[in-house]
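Structure below is run_16.txt: compact mmCIF, C-alpha atoms and all ligand atoms.
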```txt
# COMPACT_ATOMS: atom_id res chain seq x y z
CA MET W 1 -6.34 41.31 22.93
CA ARG W 2 -3.81 43.01 25.22
CA ILE W 3 -3.54 43.16 29.00
CA THR W 4 -3.58 46.80 30.06
CA ALA W 5 -3.43 46.58 33.87
CA MET W 6 -2.60 44.10 36.63
CA HIS W 7 -3.95 44.69 40.16
CA ILE W 8 -2.63 42.77 43.15
CA THR W 9 -4.78 42.97 46.29
CA PRO W 10 -3.72 41.18 49.49
CA ILE W 11 -6.64 40.22 51.71
CA ALA W 12 -7.19 38.56 55.09
CA LEU W 13 -10.17 36.35 55.97
CA GLY W 14 -11.16 35.11 59.41
CA ASP W 15 -9.86 31.64 60.29
CA PRO W 16 -10.51 29.60 63.46
CA PRO W 17 -7.70 28.17 65.65
CA LEU W 18 -7.04 24.96 63.68
CA LEU W 19 -4.11 22.73 64.63
CA ASN W 20 -1.67 21.09 62.29
CA ALA W 21 1.84 19.68 62.22
CA ALA W 22 3.37 23.16 62.06
CA GLY W 23 1.34 24.67 64.90
CA LEU W 24 -1.87 26.66 64.90
CA HIS W 25 -3.78 28.75 62.37
CA ALA W 26 -3.72 32.50 63.10
CA PRO W 27 -7.09 34.32 63.45
CA TYR W 28 -6.72 35.34 59.79
CA CYS W 29 -5.58 33.49 56.67
CA LEU W 30 -3.99 35.47 53.84
CA ARG W 31 -4.90 35.39 50.15
CA THR W 32 -3.93 37.58 47.22
CA VAL W 33 -6.39 38.50 44.49
CA VAL W 34 -5.02 39.21 41.01
CA GLU W 35 -7.06 41.11 38.41
CA LEU W 36 -5.99 41.51 34.79
CA THR W 37 -7.87 44.04 32.64
CA THR W 38 -7.70 44.21 28.86
CA ASP W 39 -8.06 46.68 26.05
CA GLN W 40 -11.45 45.06 25.33
CA GLY W 41 -12.74 45.99 28.78
CA LEU W 42 -12.62 42.43 30.18
CA THR W 43 -11.36 41.53 33.67
CA GLY W 44 -9.76 38.17 34.51
CA LEU W 45 -9.51 36.99 38.13
CA ALA W 46 -7.30 34.68 40.14
CA GLU W 47 -6.57 34.04 43.82
CA VAL W 48 -3.40 32.59 45.37
CA PRO W 49 -2.16 31.98 48.94
CA GLY W 50 -1.07 35.34 50.33
CA SER W 51 2.32 36.52 51.56
CA VAL W 52 4.47 39.57 51.01
CA ALA W 53 6.88 37.33 49.06
CA VAL W 54 4.16 36.24 46.60
CA ASP W 55 2.88 39.82 46.23
CA GLN W 56 6.41 41.02 45.47
CA ALA W 57 6.99 38.20 42.98
CA LEU W 58 3.76 39.13 41.20
CA ALA W 59 4.60 42.84 41.19
CA ALA W 60 8.04 42.04 39.77
CA VAL W 61 6.53 40.61 36.56
CA ARG W 62 3.83 43.26 36.10
CA ASP W 63 5.73 45.01 33.30
CA THR W 64 6.01 41.68 31.45
CA VAL W 65 2.33 40.91 31.87
CA ILE W 66 1.10 44.30 30.72
CA GLY W 67 1.00 44.39 26.92
CA SER W 68 0.84 40.57 26.64
CA ASP W 69 -1.94 38.73 24.83
CA PRO W 70 -4.00 36.70 27.35
CA LEU W 71 -5.02 34.34 24.54
CA ASN W 72 -1.40 33.24 24.08
CA TRP W 73 -0.44 31.60 27.38
CA HIS W 74 2.62 29.86 25.89
CA ALA W 75 4.13 33.22 24.89
CA LEU W 76 3.39 34.84 28.26
CA ARG W 77 4.67 31.82 30.19
CA ALA W 78 7.91 31.79 28.19
CA LYS W 79 8.41 35.48 28.94
CA LEU W 80 7.73 34.85 32.64
CA ALA W 81 10.19 31.95 32.66
CA GLY W 82 12.83 34.36 31.41
CA ARG W 83 12.03 36.75 34.25
CA CYS W 84 11.56 34.46 37.28
CA ALA W 85 14.56 32.85 38.95
CA PRO W 86 14.46 29.02 38.82
CA GLU W 87 12.98 27.48 41.94
CA ALA W 88 14.02 23.96 42.95
CA SER W 89 11.39 21.71 44.49
CA VAL W 90 13.21 21.91 47.87
CA ALA W 91 11.92 25.51 47.98
CA ARG W 92 8.60 23.91 48.89
CA GLY W 93 9.95 23.75 52.46
CA ASP W 94 9.24 21.34 55.32
CA LYS W 95 5.93 22.78 56.50
CA PRO W 96 2.54 21.32 55.58
CA TRP W 97 2.05 24.15 53.11
CA ASP W 98 4.12 24.94 50.02
CA GLY W 99 6.50 27.89 50.32
CA ARG W 100 7.32 28.37 46.63
CA THR W 101 6.50 31.66 44.91
CA ARG W 102 7.25 31.09 41.20
CA VAL W 103 4.59 28.41 40.75
CA GLN W 104 2.08 30.76 42.35
CA VAL W 105 2.97 33.54 39.92
CA TYR W 106 2.36 31.14 37.03
CA SER W 107 -0.84 29.93 38.65
CA ALA W 108 -2.27 33.42 39.19
CA LEU W 109 -1.58 34.44 35.61
CA ASP W 110 -2.73 31.15 34.06
CA VAL W 111 -6.06 31.33 35.90
CA ALA W 112 -6.64 35.03 35.21
CA CYS W 113 -5.83 34.52 31.49
CA LEU W 114 -8.19 31.53 31.32
CA ASP W 115 -10.91 33.65 32.94
CA LEU W 116 -10.28 36.29 30.26
CA GLN W 117 -10.34 33.69 27.47
CA GLY W 118 -13.59 32.23 28.74
CA LYS W 119 -15.14 35.69 28.88
CA ALA W 120 -13.82 36.56 25.40
CA PHE W 121 -15.30 33.37 23.88
CA GLY W 122 -18.38 33.17 26.11
CA VAL W 123 -17.50 29.71 27.51
CA PRO W 124 -16.68 28.32 30.98
CA VAL W 125 -13.01 27.70 31.82
CA ALA W 126 -13.77 23.94 32.03
CA HIS W 127 -14.49 24.00 28.26
CA LEU W 128 -11.04 25.49 27.65
CA LEU W 129 -9.50 22.67 29.72
CA GLY W 130 -10.95 20.05 27.41
CA GLY W 131 -14.63 19.94 28.28
CA VAL W 132 -16.92 19.04 31.14
CA VAL W 133 -16.77 15.45 32.38
CA ARG W 134 -18.83 16.18 35.51
CA GLU W 135 -21.17 19.11 36.20
CA ARG W 136 -21.24 18.49 39.95
CA VAL W 137 -17.80 18.32 41.53
CA PRO W 138 -17.60 16.34 44.81
CA TYR W 139 -15.60 17.71 47.74
CA SER W 140 -14.49 16.02 50.95
CA ALA W 141 -15.15 17.17 54.52
CA TYR W 142 -11.85 18.47 55.91
CA LEU W 143 -11.73 18.02 59.70
CA PHE W 144 -9.18 19.66 61.97
CA TYR W 145 -8.23 19.26 65.57
CA LYS W 146 -8.94 22.69 66.97
CA TYR W 147 -8.99 24.84 70.05
CA GLU W 148 -12.18 26.50 71.19
CA GLY W 149 -12.72 29.76 69.29
CA ALA W 150 -14.12 31.46 66.22
CA GLY W 151 -11.09 33.28 64.82
CA GLY W 152 -11.37 36.49 62.80
CA GLU W 153 -12.48 39.56 64.72
CA LEU W 154 -13.45 37.38 67.66
CA ALA W 155 -9.83 36.16 67.72
CA PHE W 156 -10.05 33.13 69.97
CA GLY W 157 -13.40 34.08 71.51
CA THR W 158 -16.79 32.74 70.38
CA ASP W 159 -20.11 34.12 69.20
CA PRO W 160 -22.76 32.71 71.57
CA ALA W 161 -25.54 33.51 69.07
CA ALA W 162 -24.08 31.15 66.40
CA THR W 163 -26.10 28.06 65.48
CA GLY W 164 -25.62 24.96 63.29
CA TRP W 165 -22.25 24.60 61.57
CA ALA W 166 -21.32 28.19 62.55
CA ALA W 167 -21.56 27.12 66.20
CA ALA W 168 -19.80 23.79 65.62
CA ARG W 169 -16.99 25.61 63.77
CA GLN W 170 -16.21 27.45 67.01
CA ARG W 171 -16.09 24.41 69.27
CA ALA W 172 -12.92 22.66 70.38
CA ALA W 173 -12.15 19.24 68.87
CA LEU W 174 -9.22 17.59 70.62
CA ASP W 175 -10.23 13.94 70.99
CA PRO W 176 -12.11 11.29 68.98
CA ASP W 177 -15.53 12.43 70.29
CA GLY W 178 -14.78 16.04 69.35
CA VAL W 179 -13.64 14.97 65.87
CA VAL W 180 -16.82 12.92 65.33
CA ALA W 181 -19.01 15.82 66.52
CA GLN W 182 -17.22 18.17 64.12
CA ALA W 183 -17.72 15.69 61.26
CA GLU W 184 -21.43 15.32 62.04
CA ALA W 185 -21.95 19.09 61.94
CA MET W 186 -19.92 19.56 58.75
CA VAL W 187 -21.61 16.68 56.94
CA ALA W 188 -25.06 17.90 58.05
CA GLU W 189 -24.34 21.38 56.65
CA PHE W 190 -22.55 20.52 53.39
CA GLY W 191 -23.55 16.93 52.63
CA PHE W 192 -19.97 15.68 52.16
CA GLU W 193 -19.65 11.98 51.38
CA SER W 194 -15.90 11.63 52.07
CA ILE W 195 -14.01 12.73 55.19
CA LYS W 196 -10.39 13.77 55.76
CA LEU W 197 -8.76 14.46 59.13
CA LYS W 198 -5.73 16.70 59.33
CA GLY W 199 -3.37 14.77 61.58
CA GLY W 200 0.19 15.30 62.77
CA CYS W 201 -1.10 17.02 65.90
CA PHE W 202 -1.22 14.22 68.47
CA ALA W 203 0.49 10.88 68.97
CA PRO W 204 -0.51 8.37 66.27
CA ALA W 205 -2.58 6.22 68.68
CA GLN W 206 -4.90 9.19 69.35
CA GLU W 207 -5.32 10.04 65.66
CA VAL W 208 -5.86 6.40 64.72
CA ALA W 209 -8.53 6.20 67.45
CA ALA W 210 -10.24 9.23 65.86
CA MET W 211 -10.25 7.51 62.45
CA ARG W 212 -11.75 4.39 64.00
CA ALA W 213 -14.40 6.50 65.73
CA LEU W 214 -15.26 8.14 62.38
CA ARG W 215 -15.49 4.72 60.78
CA ARG W 216 -17.86 3.47 63.53
CA ARG W 217 -20.03 6.59 63.20
CA PHE W 218 -20.21 6.86 59.39
CA GLY W 219 -19.77 3.24 58.29
CA PRO W 220 -17.66 1.62 55.56
CA HIS W 221 -19.35 3.42 52.65
CA VAL W 222 -17.88 6.85 53.63
CA PRO W 223 -14.26 7.05 52.43
CA LEU W 224 -11.85 8.29 55.13
CA ARG W 225 -8.40 9.88 54.84
CA LEU W 226 -5.77 10.83 57.40
CA ASP W 227 -2.95 13.31 56.73
CA PRO W 228 -0.18 13.46 59.37
CA ASN W 229 1.81 15.86 57.14
CA ALA W 230 4.91 13.64 57.17
CA LEU W 231 5.47 13.82 60.92
CA TRP W 232 5.82 10.05 61.30
CA THR W 233 8.96 8.00 60.75
CA VAL W 234 8.87 5.17 58.20
CA GLU W 235 8.55 2.62 61.06
CA THR W 236 5.70 4.55 62.71
CA SER W 237 3.96 4.89 59.35
CA ILE W 238 4.13 1.13 58.78
CA GLN W 239 3.04 0.30 62.34
CA TRP W 240 0.00 2.63 62.39
CA GLY W 241 -0.70 2.20 58.70
CA ARG W 242 -1.18 -1.53 59.44
CA GLU W 243 -3.61 -0.64 62.23
CA LEU W 244 -5.62 1.33 59.69
CA GLU W 245 -5.65 -1.26 56.87
CA GLY W 246 -9.20 -1.50 55.57
CA VAL W 247 -10.22 1.75 57.31
CA LEU W 248 -8.79 4.39 54.97
CA GLU W 249 -9.44 5.31 51.36
CA TYR W 250 -5.89 6.66 51.44
CA LEU W 251 -3.19 7.65 53.90
CA GLU W 252 -1.73 11.02 52.97
CA ASP W 253 1.96 11.81 53.54
CA PRO W 254 2.58 9.69 56.63
CA CYS W 255 6.36 10.36 56.32
CA ARG W 256 8.96 12.40 54.45
CA THR W 257 10.73 11.87 51.10
CA GLN W 258 9.93 9.73 48.10
CA ASP W 259 12.24 6.97 49.44
CA GLY W 260 10.44 6.95 52.78
CA MET W 261 7.01 6.92 51.17
CA ALA W 262 8.08 4.13 48.80
CA ALA W 263 9.20 1.98 51.76
CA VAL W 264 5.85 2.50 53.51
CA ARG W 265 3.98 1.81 50.30
CA ARG W 266 5.74 -1.55 49.89
CA ALA W 267 4.62 -2.53 53.40
CA LEU W 268 0.96 -1.45 53.23
CA LYS W 269 -2.10 -2.30 51.15
CA THR W 270 -3.72 1.10 51.87
CA PRO W 271 -2.99 3.54 49.01
CA LEU W 272 -0.66 6.47 49.81
CA ALA W 273 -1.32 10.02 48.59
CA THR W 274 0.97 13.03 48.61
CA ASN W 275 1.17 16.77 48.43
CA MET W 276 4.57 16.73 50.13
CA CYS W 277 6.98 14.31 48.43
CA THR W 278 5.93 14.67 44.78
CA THR W 279 5.06 18.32 44.35
CA SER W 280 6.54 19.45 41.05
CA PHE W 281 7.30 18.22 37.55
CA ASP W 282 10.95 17.82 38.64
CA ASP W 283 9.79 15.21 41.19
CA LEU W 284 7.94 13.04 38.65
CA PRO W 285 10.93 10.93 37.48
CA GLY W 286 11.67 10.04 41.12
CA SER W 287 8.03 9.20 41.73
CA ALA W 288 7.97 6.85 38.72
CA ARG W 289 11.33 5.23 39.60
CA LEU W 290 10.70 4.71 43.31
CA GLY W 291 6.94 4.26 43.37
CA SER W 292 6.52 6.77 46.18
CA GLU W 293 2.74 7.12 46.09
CA ASP W 294 -0.48 5.85 44.53
CA ILE W 295 -2.20 9.24 44.29
CA ILE W 296 -0.81 12.70 43.60
CA LEU W 297 -2.75 15.61 45.03
CA THR W 298 -2.81 18.36 42.50
CA ASP W 299 -3.36 21.96 43.54
CA HIS W 300 -3.38 24.48 40.74
CA HIS W 301 -1.85 27.12 43.04
CA PHE W 302 1.31 25.00 43.39
CA TRP W 303 1.49 23.08 40.12
CA GLY W 304 1.60 26.35 38.13
CA GLY W 305 -2.05 26.73 37.14
CA LEU W 306 -5.02 24.84 35.76
CA ARG W 307 -3.32 23.93 32.49
CA SER W 308 -0.26 22.55 34.33
CA SER W 309 -2.60 20.53 36.54
CA MET W 310 -4.06 18.99 33.38
CA GLU W 311 -0.49 18.11 32.31
CA LEU W 312 0.05 16.46 35.69
CA ALA W 313 -3.16 14.49 35.16
CA ALA W 314 -1.79 13.13 31.87
CA HIS W 315 1.38 12.02 33.65
CA CYS W 316 -0.70 10.35 36.36
CA ARG W 317 -2.69 8.49 33.72
CA THR W 318 0.50 7.28 32.02
CA PHE W 319 2.26 6.19 35.21
CA GLY W 320 -0.75 4.66 36.93
CA ARG W 321 -1.19 7.32 39.60
CA GLY W 322 -4.61 8.46 40.79
CA VAL W 323 -5.27 12.20 41.14
CA SER W 324 -6.88 13.94 44.07
CA MET W 325 -6.80 17.62 45.10
CA HIS W 326 -5.03 19.43 47.92
CA SER W 327 -6.32 22.62 49.53
CA ASN W 328 -5.26 25.43 51.82
CA ASN W 329 -7.63 28.12 53.15
CA HIS W 330 -9.22 29.92 50.22
CA ALA W 331 -12.13 32.05 49.03
CA GLY W 332 -14.56 31.76 46.13
CA ILE W 333 -12.29 32.62 43.20
CA SER W 334 -10.11 29.64 44.09
CA LEU W 335 -13.15 27.44 44.77
CA ALA W 336 -14.48 28.31 41.31
CA ALA W 337 -11.11 27.53 39.69
CA MET W 338 -10.86 24.22 41.61
CA THR W 339 -14.37 23.34 40.50
CA HIS W 340 -13.59 24.01 36.81
CA LEU W 341 -10.54 21.76 37.15
CA GLY W 342 -12.58 19.10 38.91
CA ALA W 343 -15.22 19.33 36.18
CA ALA W 344 -12.69 18.97 33.35
CA MET W 345 -10.16 16.41 34.63
CA PRO W 346 -11.33 12.91 33.66
CA ASN W 347 -9.07 11.08 36.14
CA LEU W 348 -9.75 13.35 39.14
CA THR W 349 -11.89 10.60 40.60
CA TYR W 350 -11.53 11.36 44.33
CA ALA W 351 -13.57 13.97 46.21
CA LEU W 352 -11.49 17.18 46.30
CA ASP W 353 -10.10 18.72 49.51
CA THR W 354 -11.38 22.15 50.45
CA HIS W 355 -10.93 24.40 53.50
CA TYR W 356 -13.94 26.46 52.37
CA PRO W 357 -16.26 25.48 55.28
CA TRP W 358 -13.78 27.03 57.73
CA GLN W 359 -14.26 30.51 56.26
CA TRP W 360 -17.47 32.56 56.45
CA GLU W 361 -16.59 35.73 54.52
CA GLU W 362 -16.58 36.07 50.73
CA ILE W 363 -15.24 38.50 48.14
CA ILE W 364 -17.41 37.44 45.19
CA ILE W 365 -20.84 38.70 44.17
CA GLY W 366 -23.56 36.50 45.62
CA GLY W 367 -21.54 35.66 48.73
CA ARG W 368 -20.69 32.14 49.84
CA MET W 369 -20.76 29.43 47.17
CA LYS W 370 -23.18 26.60 47.85
CA PHE W 371 -22.54 22.90 48.40
CA ASP W 372 -25.27 20.43 47.64
CA GLY W 373 -24.72 16.80 48.62
CA GLY W 374 -21.04 17.66 49.14
CA CYS W 375 -20.77 18.91 45.55
CA VAL W 376 -20.26 22.32 43.96
CA GLU W 377 -22.08 22.78 40.70
CA LEU W 378 -19.95 24.11 37.85
CA PRO W 379 -20.50 27.89 37.71
CA ARG W 380 -22.62 28.74 34.67
CA GLY W 381 -21.19 32.07 33.48
CA PRO W 382 -18.29 32.51 31.04
CA GLY W 383 -14.73 32.18 32.36
CA LEU W 384 -14.60 31.21 36.03
CA GLY W 385 -18.22 32.34 36.37
CA VAL W 386 -17.57 34.52 39.43
CA GLU W 387 -17.21 38.30 39.77
CA LEU W 388 -15.62 40.42 42.48
CA ASP W 389 -17.76 42.11 45.09
CA ARG W 390 -15.67 45.26 45.30
CA ALA W 391 -17.02 46.40 48.67
CA ALA W 392 -16.26 42.96 50.16
CA LEU W 393 -12.78 42.99 48.59
CA ALA W 394 -12.11 46.43 50.11
CA ARG W 395 -13.22 45.14 53.52
CA ALA W 396 -10.97 42.08 53.27
CA HIS W 397 -8.06 44.29 52.22
CA ALA W 398 -8.69 46.61 55.19
CA THR W 399 -8.65 43.52 57.43
CA TYR W 400 -5.31 42.54 55.88
CA ARG W 401 -3.87 45.94 56.73
CA ARG W 402 -5.14 45.74 60.32
CA ALA W 403 -3.98 42.13 60.82
CA GLY W 404 -0.35 43.07 60.08
CA LEU W 405 0.63 39.54 58.93
CA ALA W 406 3.36 39.28 56.27
CA GLU W 407 3.11 35.50 55.88
CA ARG W 408 1.61 32.41 57.40
CA ASN W 409 3.46 31.34 60.55
CA ASP W 410 1.63 28.65 62.53
CA GLU W 411 4.58 28.10 64.88
CA ILE W 412 4.41 31.66 66.27
CA GLU W 413 0.65 31.28 66.68
CA MET W 414 1.08 28.02 68.58
CA GLN W 415 3.68 29.59 70.87
CA LYS W 416 1.00 32.04 72.05
CA LYS W 417 -0.87 29.01 73.43
CA VAL W 418 2.06 26.72 74.28
CA PRO W 419 5.15 28.79 75.11
CA GLY W 420 8.31 27.40 73.57
CA TRP W 421 6.48 25.09 71.11
CA LYS W 422 8.69 24.25 68.12
CA PHE W 423 7.93 22.73 64.73
CA ALA W 424 9.75 19.42 64.21
CA GLN W 425 10.12 17.78 60.79
CA THR W 426 9.53 14.34 62.31
CA ARG W 427 7.76 13.91 65.64
CA TRP W 428 6.69 10.31 66.09
O1 LIG W 501 -4.22 24.33 56.58
O2 LIG W 501 -3.30 23.52 58.34
C1 LIG W 501 -3.55 23.48 57.14
C2 LIG W 501 -3.04 22.31 56.35
O3 LIG W 501 -2.11 21.60 57.07
C3 LIG W 501 -2.46 22.78 55.05
O4 LIG W 501 -1.49 23.77 55.28
C4 LIG W 501 -1.85 21.69 54.23
O5 LIG W 501 -1.21 22.25 53.13
O6 LIG W 501 -4.09 20.98 53.69
C5 LIG W 501 -2.80 20.71 53.70
C6 LIG W 501 -2.37 19.34 53.35
O7 LIG W 501 -1.21 18.99 53.58
O8 LIG W 501 -3.14 18.59 52.81
MG MG W 502 -1.65 16.92 52.72
```
Would you mind writing the structure in this file as structure tokens?
Ligand code: GKR
Ligand code: MG
Amino acid sequence: MRITAMHITPIALGDPPLLNAAGLHAPYCLRTVVELTTDQGLTGLAEVPGSVAVDQALAAVRDTVIGSDPLNWHALRAKLAGRCAPEASVARGDKPWDGRTRVQVYSALDVACLDLQGKAFGVPVAHLLGGVVRERVPYSAYLFYKYEGAGGELAFGTDPAATGWAAARQRAALDPDGVVAQAEAMVAEFGFESIKLKGGCFAPAQEVAAMRALRRRFGPHVPLRLDPNALWTVETSIQWGRELEGVLEYLEDPCRTQDGMAAVRRALKTPLATNMCTTSFDDLPGSARLGSEDIILTDHHFWGGLRSSMELAAHCRTFGRGVSMHSNNHAGISLAAMTHLGAAMPNLTYALDTHYPWQWEEIIIGGRMKFDGGCVELPRGPGLGVELDRAALARAHATYRRAGLAERNDEIEMQKKVPGWKFAQTRW
């Protein structure tokens, strides 16, 4: 089989005004959809976080991809490695999200080739990753502090006709009561059985109070997580981590660097998780030597694809790390890929993160994917089991063109609300 064409389509999807350590989400989040077509008439799909830089990096390898055999990932990956400049793990950047491009190029092509392979052999991608260990993949509620507003075409206005979760998704959540109300609405709609709060927005005492309020409301059987995105010092992490002993399933990236995380880990009983200090294969020796975390959050968009995430899982098994999953805003192609990974990875034993509830649009046939009891059922069809809704894709691309965003920049968005606001690597 040969790849005959590679299409790269940037899209924008509505996103509410969610707060995080780097500022505020813009009214639109960006994604890029990659389609590979073959001489056998098959189409393979993938979705990665969008930016002009990622689109350019993908376009730069198009001539290498075209003519390659999608059944031979090792050969294609070796050719790509010869074409892409090396990218050190510091290229991840200081922000909550990962700024690397090369890993995303690998990820897009790995996923699209797996989708093609699954379609060629008539099997789900999870079978190609080693087989299905769970048919229903559990996800976690992902709460955000937020300003009032719906995002998307309503920018920071609201739709007064919205009901249920759609109404709750518009409401402000800036204190413990607001966070609990958001959790109640999200859990009622999706049935999540684990809850994560994106922290790093307010002083630790306020975020710790929100975690305690969630604990009082949902009880000890609902695992809770807090992610301050490394905005705390080591001392602050130890102080507030101690306050939260017995409350959290894990504390995610309280502070920066593997050394810092290792110091906090020595002081606390609560497990530490990361998608900020151990984020690439180059970081694994340091993780093993220093003991920087208990759980590594994989994300196939940043670990170089689904197959690389399986390699990470083997490392985690060997070195006694748990595996959980990180998420940024995404649509259904990514949710399908995440679900195949969750279905096939034996040691992915934590509920996976997903931003999916924060979006309402879709680009796949059938519209929004369903959650039942907090789980997504493994898609049945061959490959990823999802197909593009071309009219919806065209609409999302038109939105991208109107939105005029070249990359995610939460600091600029925050400055529209709080003039002069600046991102700081460490705040408390
Ligand atoms: O979407 O605001 C956000 C999150 O802060 C995201 O960018 C992070 O990458 O979900 C994230 C995490 O650190 O777990
Ligand atoms: Mg995180």
Practice problem: Residues within 12 Å of ligand MG 502 (chain W) should be enumerated using all atoms listed in the file and returned as a VMD selection string. | Solution: chain W and resid 20 to 21 95 to 98 142 196 to 200 225 to 231 250 to 256 272 to 279 295 to 299 324 to 328 352 to 355
Practice problem: Starting from the point (-13.6, 14.9, 48.4), work out which residues of protein, DNA or RNA have an atom no more than 8 Å away when counting only C-alpha atoms; state them as a PyMOL selection string. | Solution: chain W and resi 138-141+192-195+350-354+374
Exercise. Extract, using only C-alpha atoms, all DNA, RNA and protein residues at most 10 Å from Leu18 of chain W, discarding same-chain residues fewer than 4 positions from it, and format them as a PyMOL selection string.
Key: chain W and resi 23-27+143-151+169+172-173+198+358+410+414
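Of the listed residues (W:Val222, W:Ala88, W:Ala205, W:Met211), W:Ala205 comes nearest to Trp240 of chain W; the distances count all atoms listed in the file.
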Quiz prompt | Option closest in space to Arg31 of chain W, from W:Pro419, W:Pro382, W:Gly305, W:Gly50 [counting all atoms listed in the file] | solution =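 Closest to Arg31 of chain W of all the choices is W:Gly50.
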Quiz item: Quick one: distance from atom CA of Leu58 of chain W to atom CA of Tyr400 of chain W in Å, one decimal?
Solution: 17.6 Å
Step by step, gather every atom of segment 155-163 of chain W that the file lists, find the box along x, y and z that holds them, add 3 Å on each side, and finally give centre and edge lengths in Å to one decimal, as JSON.
```
{"center_x": -18.0, "center_y": 32.1, "center_z": 68.5, "size_x": 22.3, "size_y": 14.1, "size_z": 12.1}
```
Quiz item: Can you tell me how far atom CA of Val34 of chain W sits from atom CA of Pro17 of chain W, in Å to one decimal?
Solution: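 Atom CA of Val34 of chain W sits 27.1 Å away from atom CA of Pro17 of chain W.
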Quiz item: Within 9 Å of (-7.7, 34.0, 31.1), in the coordinates the file gives, what residues turn up when you count all atoms listed in the file, written out as a list in words?
Solution: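 Returned residue set, sorted by chain then number, is Leu36, Thr43, Gly44, Leu45, Pro70, Leu71, Trp73, Leu109, Asp110, Val111, Ala112, Cys113, Leu114, Asp115, Leu116, Gln117, Gly118, Lys119, Ala120, Val125, Gly383 and Leu384 of chain W.
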